[in-house]
file coords03.cif (mmCIF, C-alpha atoms)
data_structure
loop_
_atom_site.label_atom_id
_atom_site.label_comp_id
_atom_site.auth_asym_id
_atom_site.auth_seq_id
_atom_site.Cartn_x
_atom_site.Cartn_y
_atom_site.Cartn_z
CA MET A 143 13.97 -11.02 -6.94
CA LEU A 144 11.48 -10.14 -4.23
CA LEU A 145 7.72 -9.98 -4.86
CA VAL A 146 5.70 -7.73 -2.54
CA LEU A 147 1.91 -7.50 -2.38
CA ASP A 148 -0.19 -4.85 -0.66
CA VAL A 149 -3.74 -6.25 -0.58
CA GLY A 150 -6.35 -3.56 0.04
CA ASN A 151 -10.13 -3.65 0.07
CA THR A 152 -10.38 -2.11 -3.41
CA ASN A 153 -7.01 -2.67 -5.09
CA THR A 154 -4.00 -4.93 -4.75
CA VAL A 155 -0.62 -3.40 -5.57
CA LEU A 156 2.24 -5.68 -6.58
CA GLY A 157 5.89 -4.82 -6.87
CA VAL A 158 9.06 -6.68 -7.85
CA PHE A 159 12.41 -5.68 -6.36
CA ASP A 160 15.67 -6.83 -7.89
CA GLN A 161 19.07 -6.74 -6.21
CA ALA A 162 21.45 -4.39 -8.01
CA THR A 163 24.47 -6.17 -9.48
CA ASP A 164 26.98 -3.50 -8.45
CA GLU A 165 28.18 -2.41 -5.02
CA ASP A 166 28.15 0.90 -3.18
CA GLU A 167 31.21 2.89 -2.10
CA ASN A 168 31.63 0.64 0.95
CA GLY A 169 31.67 -2.56 -1.08
CA SER A 170 28.20 -3.66 0.06
CA PRO A 171 25.45 -4.75 -2.38
CA ARG A 172 23.20 -1.87 -3.29
CA GLN A 173 19.62 -1.71 -2.06
CA GLN A 174 17.08 -3.68 -4.04
CA GLN A 175 15.42 -1.58 -6.74
CA LEU A 176 11.76 -1.59 -7.76
CA VAL A 177 11.79 -2.90 -11.33
CA ALA A 178 8.06 -3.45 -11.93
CA ASN A 179 4.75 -2.64 -10.27
CA TRP A 180 1.08 -3.17 -11.01
CA ARG A 181 -2.30 -2.22 -9.53
CA VAL A 182 -5.16 -4.71 -9.95
CA ALA A 183 -8.65 -5.04 -8.50
CA THR A 184 -9.00 -7.02 -5.28
CA ILE A 185 -11.57 -9.72 -6.02
CA ALA A 186 -12.23 -12.03 -3.08
CA THR A 187 -14.10 -14.56 -5.22
CA GLN A 188 -11.24 -15.25 -7.65
CA THR A 189 -9.77 -18.73 -7.44
CA ILE A 190 -6.16 -19.73 -6.87
CA ASP A 191 -5.66 -20.45 -10.56
CA GLU A 192 -7.31 -17.20 -11.67
CA TYR A 193 -4.94 -15.17 -9.50
CA GLY A 194 -2.04 -17.36 -10.58
CA VAL A 195 -2.71 -16.78 -14.27
CA LEU A 196 -3.12 -13.04 -13.66
CA PHE A 197 0.19 -12.76 -11.82
CA ARG A 198 2.09 -14.88 -14.32
CA ASN A 199 0.68 -12.79 -17.21
CA LEU A 200 1.80 -9.59 -15.50
CA PHE A 201 5.28 -11.06 -15.17
CA ALA A 202 5.31 -12.09 -18.82
CA MET A 203 4.35 -8.61 -20.00
CA ALA A 204 7.23 -7.16 -17.96
CA ASN A 205 9.67 -9.79 -19.29
CA LEU A 206 10.21 -11.17 -15.79
CA GLU A 207 10.62 -14.84 -14.90
CA ALA A 208 8.48 -16.21 -12.07
CA LYS A 209 11.26 -18.65 -11.23
CA GLY A 210 13.47 -15.67 -10.40
CA ILE A 211 11.39 -14.85 -7.31
CA HIS A 212 13.31 -15.81 -4.17
CA GLY A 213 10.89 -14.38 -1.64
CA ILE A 214 7.36 -13.02 -1.26
CA ILE A 215 5.94 -10.77 1.45
CA ILE A 216 2.26 -9.82 1.74
CA SER A 217 0.40 -7.12 3.64
CA SER A 218 -3.33 -7.90 3.60
CA VAL A 219 -6.40 -6.25 5.10
CA VAL A 220 -8.68 -8.82 3.41
CA PRO A 221 -8.37 -11.98 5.56
CA PRO A 222 -10.62 -14.17 3.32
CA LEU A 223 -8.01 -13.82 0.55
CA ASN A 224 -5.03 -14.90 2.61
CA TYR A 225 -5.43 -18.64 1.98
CA THR A 226 -5.87 -18.05 -1.75
CA LEU A 227 -2.79 -15.84 -2.00
CA ARG A 228 -0.70 -18.22 0.09
CA SER A 229 -1.66 -21.06 -2.25
CA VAL A 230 -0.92 -18.94 -5.34
CA CYS A 231 2.58 -18.20 -4.06
CA GLU A 232 3.34 -21.83 -3.32
CA ARG A 233 1.81 -23.22 -6.51
CA TYR A 234 2.90 -20.65 -9.10
CA PHE A 235 6.10 -19.28 -7.57
CA GLY A 236 7.26 -22.24 -5.48
CA THR A 237 7.68 -19.95 -2.47
CA LYS A 238 6.01 -19.68 0.92
CA PRO A 239 5.00 -16.05 1.50
CA LEU A 240 5.66 -14.05 4.63
CA PHE A 241 2.53 -12.27 5.87
CA VAL A 242 2.91 -9.07 7.89
CA GLU A 243 1.17 -10.14 11.09
CA PRO A 244 1.87 -10.36 14.84
CA GLY A 245 5.22 -12.04 15.42
CA VAL A 246 6.91 -10.59 12.33
CA LYS A 247 9.91 -8.35 13.02
CA THR A 248 9.12 -4.81 11.94
CA GLY A 249 11.59 -2.88 14.10
CA MET A 250 8.76 -0.56 15.15
CA PRO A 251 7.18 -0.65 18.64
CA VAL A 252 3.37 -0.30 18.46
CA LEU A 253 1.82 1.90 21.17
CA TYR A 254 -1.80 1.05 20.29
CA ASP A 255 -3.80 -0.17 23.30
CA ASN A 256 -4.36 -3.41 21.36
CA PRO A 257 -1.58 -3.72 18.75
CA SER A 258 -3.39 -6.55 16.93
CA GLU A 259 -6.07 -4.04 15.88
CA VAL A 260 -3.67 -2.07 13.69
CA GLY A 261 -3.93 -2.89 9.98
CA ALA A 262 -0.81 -4.42 8.50
CA ASP A 263 -0.62 -1.72 5.82
CA ARG A 264 -0.49 1.01 8.48
CA ILE A 265 2.50 -0.56 10.19
CA VAL A 266 4.21 -1.09 6.83
CA ASN A 267 3.70 2.58 5.95
CA GLY A 268 5.05 3.66 9.31
CA VAL A 269 8.17 1.52 8.95
CA ALA A 270 8.90 2.89 5.47
CA ALA A 271 8.23 6.50 6.45
CA PHE A 272 10.57 6.40 9.45
CA GLU A 273 13.27 4.60 7.47
CA LYS A 274 13.13 7.06 4.56
CA TYR A 275 12.18 10.37 6.20
CA GLY A 276 12.90 10.00 9.91
CA GLY A 277 10.61 11.01 12.73
CA PRO A 278 8.37 12.38 13.94
CA CYS A 279 6.24 11.88 10.85
CA VAL A 280 2.68 11.35 9.70
CA VAL A 281 1.68 9.17 6.75
CA VAL A 282 -1.59 10.00 5.00
CA ASP A 283 -2.69 6.97 2.96
CA PHE A 284 -5.47 7.67 0.47
CA GLY A 285 -7.12 4.28 0.03
CA THR A 286 -10.65 2.93 0.45
CA ALA A 287 -10.36 4.58 3.85
CA THR A 288 -7.99 7.48 4.41
CA THR A 289 -5.65 6.81 7.30
CA PHE A 290 -3.32 9.13 9.19
CA ASP A 291 -0.52 7.18 10.88
CA CYS A 292 1.74 8.86 13.43
CA VAL A 293 5.33 7.82 14.14
CA SER A 294 7.34 9.35 16.98
CA ALA A 295 10.87 10.71 16.83
CA ARG A 296 12.01 7.39 18.36
CA GLY A 297 10.36 5.34 15.64
CA GLU A 298 7.30 4.25 17.65
CA TYR A 299 3.93 3.74 15.99
CA GLN A 300 1.72 6.01 18.10
CA GLY A 301 -1.68 5.54 16.45
CA GLY A 302 -3.62 7.81 14.17
CA VAL A 303 -6.91 8.65 12.51
CA ILE A 304 -9.21 6.73 10.16
CA CYS A 305 -11.90 8.39 8.04
CA PRO A 306 -13.94 7.47 4.94
CA GLY A 307 -11.97 7.70 1.72
CA ILE A 308 -12.91 10.29 -0.87
CA GLY A 309 -14.22 7.50 -3.13
CA ILE A 310 -16.58 6.25 -0.41
CA SER A 311 -17.75 9.81 0.23
CA ALA A 312 -18.44 10.33 -3.47
CA ASP A 313 -20.28 7.01 -3.80
CA ALA A 314 -22.50 7.85 -0.84
CA LEU A 315 -23.42 11.18 -2.43
CA PHE A 316 -24.25 9.66 -5.82
CA THR A 317 -26.26 6.72 -4.47
CA ARG A 318 -28.32 8.76 -2.03
CA THR A 319 -29.37 11.49 -4.48
CA ALA A 320 -31.67 11.05 -7.46
CA ARG A 321 -30.42 13.75 -9.81
CA LEU A 322 -26.73 14.20 -9.09
CA PRO A 323 -24.47 12.51 -11.66
CA ARG A 324 -21.33 10.51 -10.95
CA VAL A 325 -18.25 12.64 -11.71
CA ASP A 326 -14.50 12.22 -11.85
CA ILE A 327 -12.67 13.35 -8.74
CA ARG A 328 -10.36 16.15 -9.85
CA LYS A 329 -9.30 19.65 -8.92
CA PRO A 330 -11.74 22.13 -10.50
CA ALA A 331 -10.60 25.26 -12.30
CA ARG A 332 -12.25 27.46 -9.65
CA THR A 333 -14.09 26.98 -6.38
CA ILE A 334 -17.44 28.39 -7.54
CA GLY A 335 -18.94 25.84 -9.89
CA THR A 336 -21.22 27.08 -12.66
CA THR A 337 -22.47 23.60 -13.62
CA THR A 338 -23.65 20.68 -11.53
CA VAL A 339 -20.56 18.65 -12.46
CA ALA A 340 -18.19 21.51 -11.58
CA SER A 341 -20.04 22.13 -8.32
CA LEU A 342 -19.76 18.47 -7.36
CA GLN A 343 -16.08 18.36 -8.20
CA SER A 344 -15.45 21.50 -6.16
CA GLY A 345 -17.30 20.09 -3.17
CA LEU A 346 -15.52 16.74 -3.33
CA TYR A 347 -12.04 18.15 -3.88
CA TYR A 348 -12.06 21.18 -1.58
CA GLY A 349 -14.27 19.50 1.00
CA TYR A 350 -11.88 16.57 1.28
CA LEU A 351 -8.83 18.82 1.16
CA GLY A 352 -10.30 20.74 4.10
CA LEU A 353 -10.83 17.48 5.99
CA VAL A 354 -7.24 16.38 5.41
CA ASP A 355 -5.65 19.70 6.33
CA GLY A 356 -7.94 20.10 9.33
CA ILE A 357 -6.84 16.75 10.77
CA LEU A 358 -3.18 17.42 9.96
CA GLU A 359 -3.34 20.80 11.71
CA ARG A 360 -4.52 19.08 14.88
CA LEU A 361 -1.92 16.33 14.59
CA LEU A 362 0.86 18.89 14.18
CA GLY A 363 -0.44 20.62 17.31
CA GLU A 364 0.06 17.37 19.25
CA MET A 365 3.25 16.12 17.59
CA GLY A 366 5.11 19.37 16.96
CA GLU A 367 5.68 21.64 13.99
CA ASN A 368 8.84 19.79 12.93
CA THR A 369 6.79 16.71 12.03
CA THR A 370 7.23 15.51 8.44
CA ILE A 371 3.96 14.93 6.57
CA LEU A 372 3.89 12.60 3.59
CA ALA A 373 1.18 11.01 1.48
CA THR A 374 0.74 7.78 -0.43
CA GLY A 375 -2.11 5.89 -2.07
CA GLY A 376 -4.21 6.30 -5.17
CA LEU A 377 -5.18 9.97 -4.82
CA ALA A 378 -2.09 11.11 -2.91
CA ALA A 379 -0.77 13.24 -5.77
CA LEU A 380 -4.12 14.96 -6.35
CA ILE A 381 -4.78 15.91 -2.73
CA GLY A 382 -1.12 16.26 -1.76
CA LYS A 383 -0.48 19.05 -4.24
CA GLY A 384 -3.26 21.14 -2.73
CA SER A 385 -2.48 20.49 0.92
CA LYS A 386 -0.80 23.10 3.11
CA TYR A 387 0.94 20.46 5.17
CA ILE A 388 1.82 17.48 2.95
CA LYS A 389 5.46 17.90 1.92
CA HIS A 390 6.18 14.60 0.18
CA VAL A 391 4.12 12.32 -2.08
CA ASP A 392 5.61 8.82 -2.12
CA GLU A 393 3.75 6.57 -4.54
CA PHE A 394 5.63 3.41 -3.58
CA LEU A 395 5.92 3.94 0.17
CA THR A 396 4.01 0.76 1.08
CA LEU A 397 6.03 -1.37 -1.35
CA ASP A 398 9.25 0.01 0.13
CA GLY A 399 7.96 -0.79 3.61
CA LEU A 400 7.29 -4.39 2.62
CA ARG A 401 10.83 -4.67 1.24
CA ILE A 402 12.29 -3.26 4.46
CA ILE A 403 10.31 -5.67 6.65
CA TRP A 404 11.33 -8.58 4.41
CA GLU A 405 14.98 -7.66 4.85
CA ARG A 406 14.55 -7.48 8.64
CA ASN A 407 13.10 -11.00 8.61
CA ALA A 408 15.43 -12.42 5.95
CA PRO A 409 17.08 -15.10 8.15
CA ALA A 410 13.65 -16.53 8.93
CA THR A 411 12.36 -16.36 5.37
CA GLU A 412 14.61 -18.72 3.47
CA ARG A 413 13.15 -19.64 0.11
CA SER A 414 11.00 -22.76 0.37
CA VAL A 415 10.49 -24.41 -3.02
CA ALA A 416 7.37 -26.49 -3.39
CA LYS A 417 7.59 -29.45 -5.72
CA PRO A 418 5.19 -29.22 -8.69
CA SER A 419 2.31 -31.65 -8.51
CA SER A 420 -0.30 -32.83 -10.92
CA SER A 421 -2.92 -30.83 -9.02
CA SER A 422 -1.20 -27.62 -10.11
CA LYS A 423 -2.65 -28.16 -13.57
CA THR A 424 -6.19 -28.62 -12.31
CA ARG A 425 -8.47 -25.61 -12.41
CA ARG A 426 -10.29 -24.70 -9.21
#

call {"tool": "encode", "arguments": {"input": "coords03.cif", "output": "structure tokens"}}
result
Amino acid sequence: MLLVLDVGNTNTVLGVFDQATDEDENGSPRQQQLVANWRVATIATQTIDEYGVLFRNLFAMANLEAKGIHGIIISSVVPPLNYTLRSVCERYFGTKPLFVEPGVKTGMPVLYDNPSEVGADRIVNGVAAFEKYGGPCVVVDFGTATTFDCVSARGEYQGGVICPGIGISADALFTRTARLPRVDIRKPARTIGTTTVASLQSGLYYGYLGLVDGILERLLGEMGENTTILATGGLAALIGKGSKYIKHVDEFLTLDGLRIIWERNAPATERSVAKPSSSSKTRR
């Protein structure tokens, strides 16, 4: 099995892929299938053992064996956590993880002026989108920040747009006003709100929907009308359903991208089993 981790500023998404036991019509093993996935809070202060116990408990609840993991790949935008996660993988899964970073084979040329500036998750999304939907395409990822990532018809990562996520926008509104309550982000029944809560929800939903569609309209003007638009991330389904331009909502796009990049680096990512030591039982 393959364990993939997408470490974001707010949440970490984990997925486990398992190789199908049958073969396709050409006699080749079928593509690995996502058999389990979880979303947990990203907590930079958690120790190696705290993360290890969390991951092992998630596996236990899904009736999965940690010893069945043959590889681990991680996309992280939280550098202070990288050492902790690397140690968790080696101590609790006996496997050295592959981090998506410069030098890893992605199969996607990066046209950014400084390619090292591009977040790993953005490249992973671009790889998965081009593999699954072709190009040109735009991925809208609704995370802590909302990113728009553009991939050319030739599979090149062109760049994109970054703007505050809807959660950040909502938090700023609630913390900077004395009398406005915190509300759930949802599509209101009608645009004109007749209560403070309904008015806030209308402003957040339709205001952000306008931002998304406004940016996509400009991107389509530069990339062409035949560009495929897809969305992923926590609020992708909510905003995607109301958008004029988003045609696909792919909840597991980033996890699929990690799997694809793992497969492209498979010869260089042989399983490395770490021998258990007495220190593995010591709490940090």

call {"tool": "closest_residue", "arguments": {"input": "coords03.cif", "among": "A:Val246, A:Leu400, A:Val325, A:Ile310", "to": "Thr288 in chain A", "atoms": "all atoms listed in the file"}}
result
A:Ile310

call {"tool": "resolve_selection", "arguments": {"input": "coords03.cif", "expression": "the PyMOL selection byres ((chain A and resi 211-218) around 9)", "output": "PyMOL selection string"}}
result
chain A and resi 143-151+154+158+207-210+219-221+223-224+227+231+235-243+261-263+266+400-401+403-404+411-414

call {"tool": "write_last_selection", "arguments": {"input": "coords03.cif", "atoms": "C-alpha atoms", "output": "short mmCIF file (atom, residue, chain, number, x, y, z; two decimals), in the frame of the given file"}}
result
data_model
loop_
_atom_site.label_atom_id
_atom_site.label_comp_id
_atom_site.auth_asym_id
_atom_site.auth_seq_id
_atom_site.Cartn_x
_atom_site.Cartn_y
_atom_site.Cartn_z
CA MET A 143 13.97 -11.02 -6.94
CA LEU A 144 11.48 -10.14 -4.23
CA LEU A 145 7.72 -9.98 -4.86
CA VAL A 146 5.70 -7.73 -2.54
CA LEU A 147 1.91 -7.50 -2.38
CA ASP A 148 -0.19 -4.85 -0.66
CA VAL A 149 -3.74 -6.25 -0.58
CA GLY A 150 -6.35 -3.56 0.04
CA ASN A 151 -10.13 -3.65 0.07
CA THR A 154 -4.00 -4.93 -4.75
CA VAL A 158 9.06 -6.68 -7.85
CA GLU A 207 10.62 -14.84 -14.90
CA ALA A 208 8.48 -16.21 -12.07
CA LYS A 209 11.26 -18.65 -11.23
CA GLY A 210 13.47 -15.67 -10.40
CA VAL A 219 -6.40 -6.25 5.10
CA VAL A 220 -8.68 -8.82 3.41
CA PRO A 221 -8.37 -11.98 5.56
CA LEU A 223 -8.01 -13.82 0.55
CA ASN A 224 -5.03 -14.90 2.61
CA LEU A 227 -2.79 -15.84 -2.00
CA CYS A 231 2.58 -18.20 -4.06
CA PHE A 235 6.10 -19.28 -7.57
CA GLY A 236 7.26 -22.24 -5.48
CA THR A 237 7.68 -19.95 -2.47
CA LYS A 238 6.01 -19.68 0.92
CA PRO A 239 5.00 -16.05 1.50
CA LEU A 240 5.66 -14.05 4.63
CA PHE A 241 2.53 -12.27 5.87
CA VAL A 242 2.91 -9.07 7.89
CA GLU A 243 1.17 -10.14 11.09
CA GLY A 261 -3.93 -2.89 9.98
CA ALA A 262 -0.81 -4.42 8.50
CA ASP A 263 -0.62 -1.72 5.82
CA VAL A 266 4.21 -1.09 6.83
CA LEU A 400 7.29 -4.39 2.62
CA ARG A 401 10.83 -4.67 1.24
CA ILE A 403 10.31 -5.67 6.65
CA TRP A 404 11.33 -8.58 4.41
CA THR A 411 12.36 -16.36 5.37
CA GLU A 412 14.61 -18.72 3.47
CA ARG A 413 13.15 -19.64 0.11
CA SER A 414 11.00 -22.76 0.37
#

call {"tool": "resolve_selection", "arguments": {"input": "coords03.cif", "expression": "the PyMOL selection byres ((chain A and resi 307) around 6)", "output": "NGL selection string"}}
result
:A and (286-288 or 306 or 308-310)

call {"tool": "residues_near_point", "arguments": {"input": "coords03.cif", "point": "(-20.1, 11.0, -8.3)", "cutoff": "8 Å", "atoms": "only C-alpha atoms", "output": "list in words"}}
result
Ala312, Asp313, Leu315, Phe316, Leu322, Pro323, Arg324, Val325, Asp326, Ile327 and Leu342 of chain A

call {"tool": "resolve_selection", "arguments": {"input": "coords03.cif", "expression": "the PyMOL selection byres ((chain A and resi 280-285) around 7)", "output": "number ranges by chain"}}
result
A: 267-268, 279, 286-293, 307, 370-378

call {"tool": "write_last_selection", "arguments": {"input": "coords03.cif", "atoms": "C-alpha atoms", "output": "JSON list (two decimals), keeping the file's coordinate frame"}}
result
[["chain", "number", "residue", "atom", "x", "y", "z"],
["A", 267, "ASN", "CA", 3.70, 2.58, 5.95],
["A", 268, "GLY", "CA", 5.05, 3.66, 9.31],
["A", 279, "CYS", "CA", 6.24, 11.88, 10.85],
["A", 286, "THR", "CA", -10.65, 2.93, 0.45],
["A", 287, "ALA", "CA", -10.36, 4.58, 3.85],
["A", 288, "THR", "CA", -7.99, 7.48, 4.41],
["A", 289, "THR", "CA", -5.65, 6.81, 7.30],
["A", 290, "PHE", "CA", -3.32, 9.13, 9.19],
["A", 291, "ASP", "CA", -0.52, 7.18, 10.88],
["A", 292, "CYS", "CA", 1.74, 8.86, 13.43],
["A", 293, "VAL", "CA", 5.33, 7.82, 14.14],
["A", 307, "GLY", "CA", -11.97, 7.70, 1.72],
["A", 370, "THR", "CA", 7.23, 15.51, 8.44],
["A", 371, "ILE", "CA", 3.96, 14.93, 6.57],
["A", 372, "LEU", "CA", 3.89, 12.60, 3.59],
["A", 373, "ALA", "CA", 1.18, 11.01, 1.48],
["A", 374, "THR", "CA", 0.74, 7.78, -0.43],
["A", 375, "GLY", "CA", -2.11, 5.89, -2.07],
["A", 376, "GLY", "CA", -4.21, 6.30, -5.17],
["A", 377, "LEU", "CA", -5.18, 9.97, -4.82],
["A", 378, "ALA", "CA", -2.09, 11.11, -2.91]]

call {"tool": "atom_distance", "arguments": {"input": "coords03.cif", "atom1": "CA of Arg332 in chain A", "atom2": "CA of Gly345 in chain A"}}
result
11.0 Å

call {"tool": "closest_residue", "arguments": {"input": "coords03.cif", "among": "A:Gln343, A:Gln188, A:Thr248, A:Ser258", "to": "Phe272 in chain A", "atoms": "all atoms listed in the file"}}
result
A:Thr248

call {"tool": "closest_residue", "arguments": {"input": "coords03.cif", "among": "A:Thr369, A:Ile402, A:Tyr299, A:Asn407", "to": "Lys389 in chain A", "atoms": "all atoms listed in the file"}}
result
A:Thr369

call {"tool": "atom_distance", "arguments": {"input": "coords03.cif", "atom1": "CA of Trp180 in chain A", "atom2": "CA of Leu156 in chain A"}}
result
5.2 Å

call {"tool": "atom_distance", "arguments": {"input": "coords03.cif", "atom1": "CA of Asn179 in chain A", "atom2": "CA of Met250 in chain A"}}
result
25.8 Å

call {"tool": "residues_near_point", "arguments": {"input": "coords03.cif", "point": "(15.2, -5.0, -6.9)", "cutoff": "6 Å", "atoms": "all atoms listed in the file", "output": "list in words"}}
result
Phe159, Asp160, Gln161, Gln174, Gln175, Leu176 and Val177 of chain A

call {"tool": "decode", "arguments": {"input": "coords03.cif", "residues": "range 356-365 of chain A", "atoms": "all heavy atoms", "output": "PDB file, in the first residue's frame"}}
result
ATOM      1  N   GLY A 356     -14.822  35.836 -11.446  1.00  0.00           N
ATOM      2  CA  GLY A 356     -14.155  36.981 -12.069  1.00  0.00           C
ATOM      3  C   GLY A 356     -12.731  36.634 -12.479  1.00  0.00           C
ATOM      4  O   GLY A 356     -12.273  36.993 -13.576  1.00  0.00           O
ATOM      5  N   ILE A 357     -12.009  35.939 -11.614  1.00  0.00           N
ATOM      6  CA  ILE A 357     -10.639  35.531 -11.941  1.00  0.00           C
ATOM      7  C   ILE A 357     -10.652  34.500 -13.064  1.00  0.00           C
ATOM      8  O   ILE A 357      -9.841  34.573 -14.004  1.00  0.00           O
ATOM      9  CB  ILE A 357      -9.935  34.977 -10.689  1.00  0.00           C
ATOM     10  CG1 ILE A 357      -9.689  36.112  -9.683  1.00  0.00           C
ATOM     11  CG2 ILE A 357      -8.617  34.299 -11.055  1.00  0.00           C
ATOM     12  CD1 ILE A 357      -9.116  35.658  -8.357  1.00  0.00           C
ATOM     13  N   LEU A 358     -11.569  33.540 -12.989  1.00  0.00           N
ATOM     14  CA  LEU A 358     -11.631  32.508 -14.033  1.00  0.00           C
ATOM     15  C   LEU A 358     -11.966  33.104 -15.391  1.00  0.00           C
ATOM     16  O   LEU A 358     -11.439  32.660 -16.423  1.00  0.00           O
ATOM     17  CB  LEU A 358     -12.658  31.438 -13.650  1.00  0.00           C
ATOM     18  CG  LEU A 358     -12.251  30.516 -12.499  1.00  0.00           C
ATOM     19  CD1 LEU A 358     -13.394  29.579 -12.141  1.00  0.00           C
ATOM     20  CD2 LEU A 358     -10.996  29.709 -12.860  1.00  0.00           C
ATOM     21  N   GLU A 359     -12.821  34.105 -15.423  1.00  0.00           N
ATOM     22  CA  GLU A 359     -13.156  34.759 -16.687  1.00  0.00           C
ATOM     23  C   GLU A 359     -11.915  35.365 -17.328  1.00  0.00           C
ATOM     24  O   GLU A 359     -11.695  35.240 -18.542  1.00  0.00           O
ATOM     25  CB  GLU A 359     -14.214  35.832 -16.459  1.00  0.00           C
ATOM     26  CG  GLU A 359     -14.685  36.515 -17.735  1.00  0.00           C
ATOM     27  CD  GLU A 359     -15.807  37.509 -17.484  1.00  0.00           C
ATOM     28  OE1 GLU A 359     -16.263  37.616 -16.334  1.00  0.00           O
ATOM     29  OE2 GLU A 359     -16.207  38.179 -18.455  1.00  0.00           O
ATOM     30  N   ARG A 360     -11.073  35.982 -16.519  1.00  0.00           N
ATOM     31  CA  ARG A 360      -9.839  36.568 -17.041  1.00  0.00           C
ATOM     32  C   ARG A 360      -8.854  35.487 -17.478  1.00  0.00           C
ATOM     33  O   ARG A 360      -8.173  35.627 -18.502  1.00  0.00           O
ATOM     34  CB  ARG A 360      -9.208  37.475 -15.987  1.00  0.00           C
ATOM     35  CG  ARG A 360      -9.997  38.757 -15.746  1.00  0.00           C
ATOM     36  CD  ARG A 360      -9.343  39.626 -14.679  1.00  0.00           C
ATOM     37  NE  ARG A 360     -10.031  40.895 -14.554  1.00  0.00           N
ATOM     38  CZ  ARG A 360      -9.769  41.982 -15.289  1.00  0.00           C
ATOM     39  NH1 ARG A 360      -8.811  41.923 -16.208  1.00  0.00           N
ATOM     40  NH2 ARG A 360     -10.434  43.102 -15.120  1.00  0.00           N
ATOM     41  N   LEU A 361      -8.766  34.400 -16.708  1.00  0.00           N
ATOM     42  CA  LEU A 361      -7.857  33.319 -17.081  1.00  0.00           C
ATOM     43  C   LEU A 361      -8.280  32.666 -18.390  1.00  0.00           C
ATOM     44  O   LEU A 361      -7.442  32.340 -19.234  1.00  0.00           O
ATOM     45  CB  LEU A 361      -7.795  32.274 -15.965  1.00  0.00           C
ATOM     46  CG  LEU A 361      -7.108  32.712 -14.666  1.00  0.00           C
ATOM     47  CD1 LEU A 361      -7.193  31.599 -13.616  1.00  0.00           C
ATOM     48  CD2 LEU A 361      -5.649  33.084 -14.912  1.00  0.00           C
ATOM     49  N   LEU A 362      -9.582  32.475 -18.562  1.00  0.00           N
ATOM     50  CA  LEU A 362     -10.079  31.904 -19.817  1.00  0.00           C
ATOM     51  C   LEU A 362      -9.772  32.826 -20.995  1.00  0.00           C
ATOM     52  O   LEU A 362      -9.503  32.361 -22.107  1.00  0.00           O
ATOM     53  CB  LEU A 362     -11.582  31.652 -19.721  1.00  0.00           C
ATOM     54  CG  LEU A 362     -12.005  30.465 -18.843  1.00  0.00           C
ATOM     55  CD1 LEU A 362     -13.509  30.471 -18.633  1.00  0.00           C
ATOM     56  CD2 LEU A 362     -11.567  29.143 -19.476  1.00  0.00           C
ATOM     57  N   GLY A 363      -9.798  34.147 -20.749  1.00  0.00           N
ATOM     58  CA  GLY A 363      -9.463  35.097 -21.802  1.00  0.00           C
ATOM     59  C   GLY A 363      -8.019  34.964 -22.242  1.00  0.00           C
ATOM     60  O   GLY A 363      -7.690  35.217 -23.410  1.00  0.00           O
ATOM     61  N   GLU A 364      -7.131  34.566 -21.328  1.00  0.00           N
ATOM     62  CA  GLU A 364      -5.719  34.402 -21.658  1.00  0.00           C
ATOM     63  C   GLU A 364      -5.396  33.005 -22.165  1.00  0.00           C
ATOM     64  O   GLU A 364      -4.509  32.834 -23.020  1.00  0.00           O
ATOM     65  CB  GLU A 364      -4.854  34.704 -20.428  1.00  0.00           C
ATOM     66  CG  GLU A 364      -4.918  36.150 -19.972  1.00  0.00           C
ATOM     67  CD  GLU A 364      -3.969  36.431 -18.822  1.00  0.00           C
ATOM     68  OE1 GLU A 364      -3.012  35.660 -18.628  1.00  0.00           O
ATOM     69  OE2 GLU A 364      -4.180  37.440 -18.113  1.00  0.00           O
ATOM     70  N   MET A 365      -6.108  31.989 -21.659  1.00  0.00           N
ATOM     71  CA  MET A 365      -5.757  30.605 -21.985  1.00  0.00           C
ATOM     72  C   MET A 365      -6.617  30.001 -23.088  1.00  0.00           C
ATOM     73  O   MET A 365      -6.238  29.002 -23.696  1.00  0.00           O
ATOM     74  CB  MET A 365      -5.871  29.736 -20.727  1.00  0.00           C
ATOM     75  CG  MET A 365      -4.923  30.142 -19.612  1.00  0.00           C
ATOM     76  SD  MET A 365      -5.074  29.080 -18.162  1.00  0.00           S
ATOM     77  CE  MET A 365      -4.470  27.514 -18.811  1.00  0.00           C
TER      78      MET A 365
END
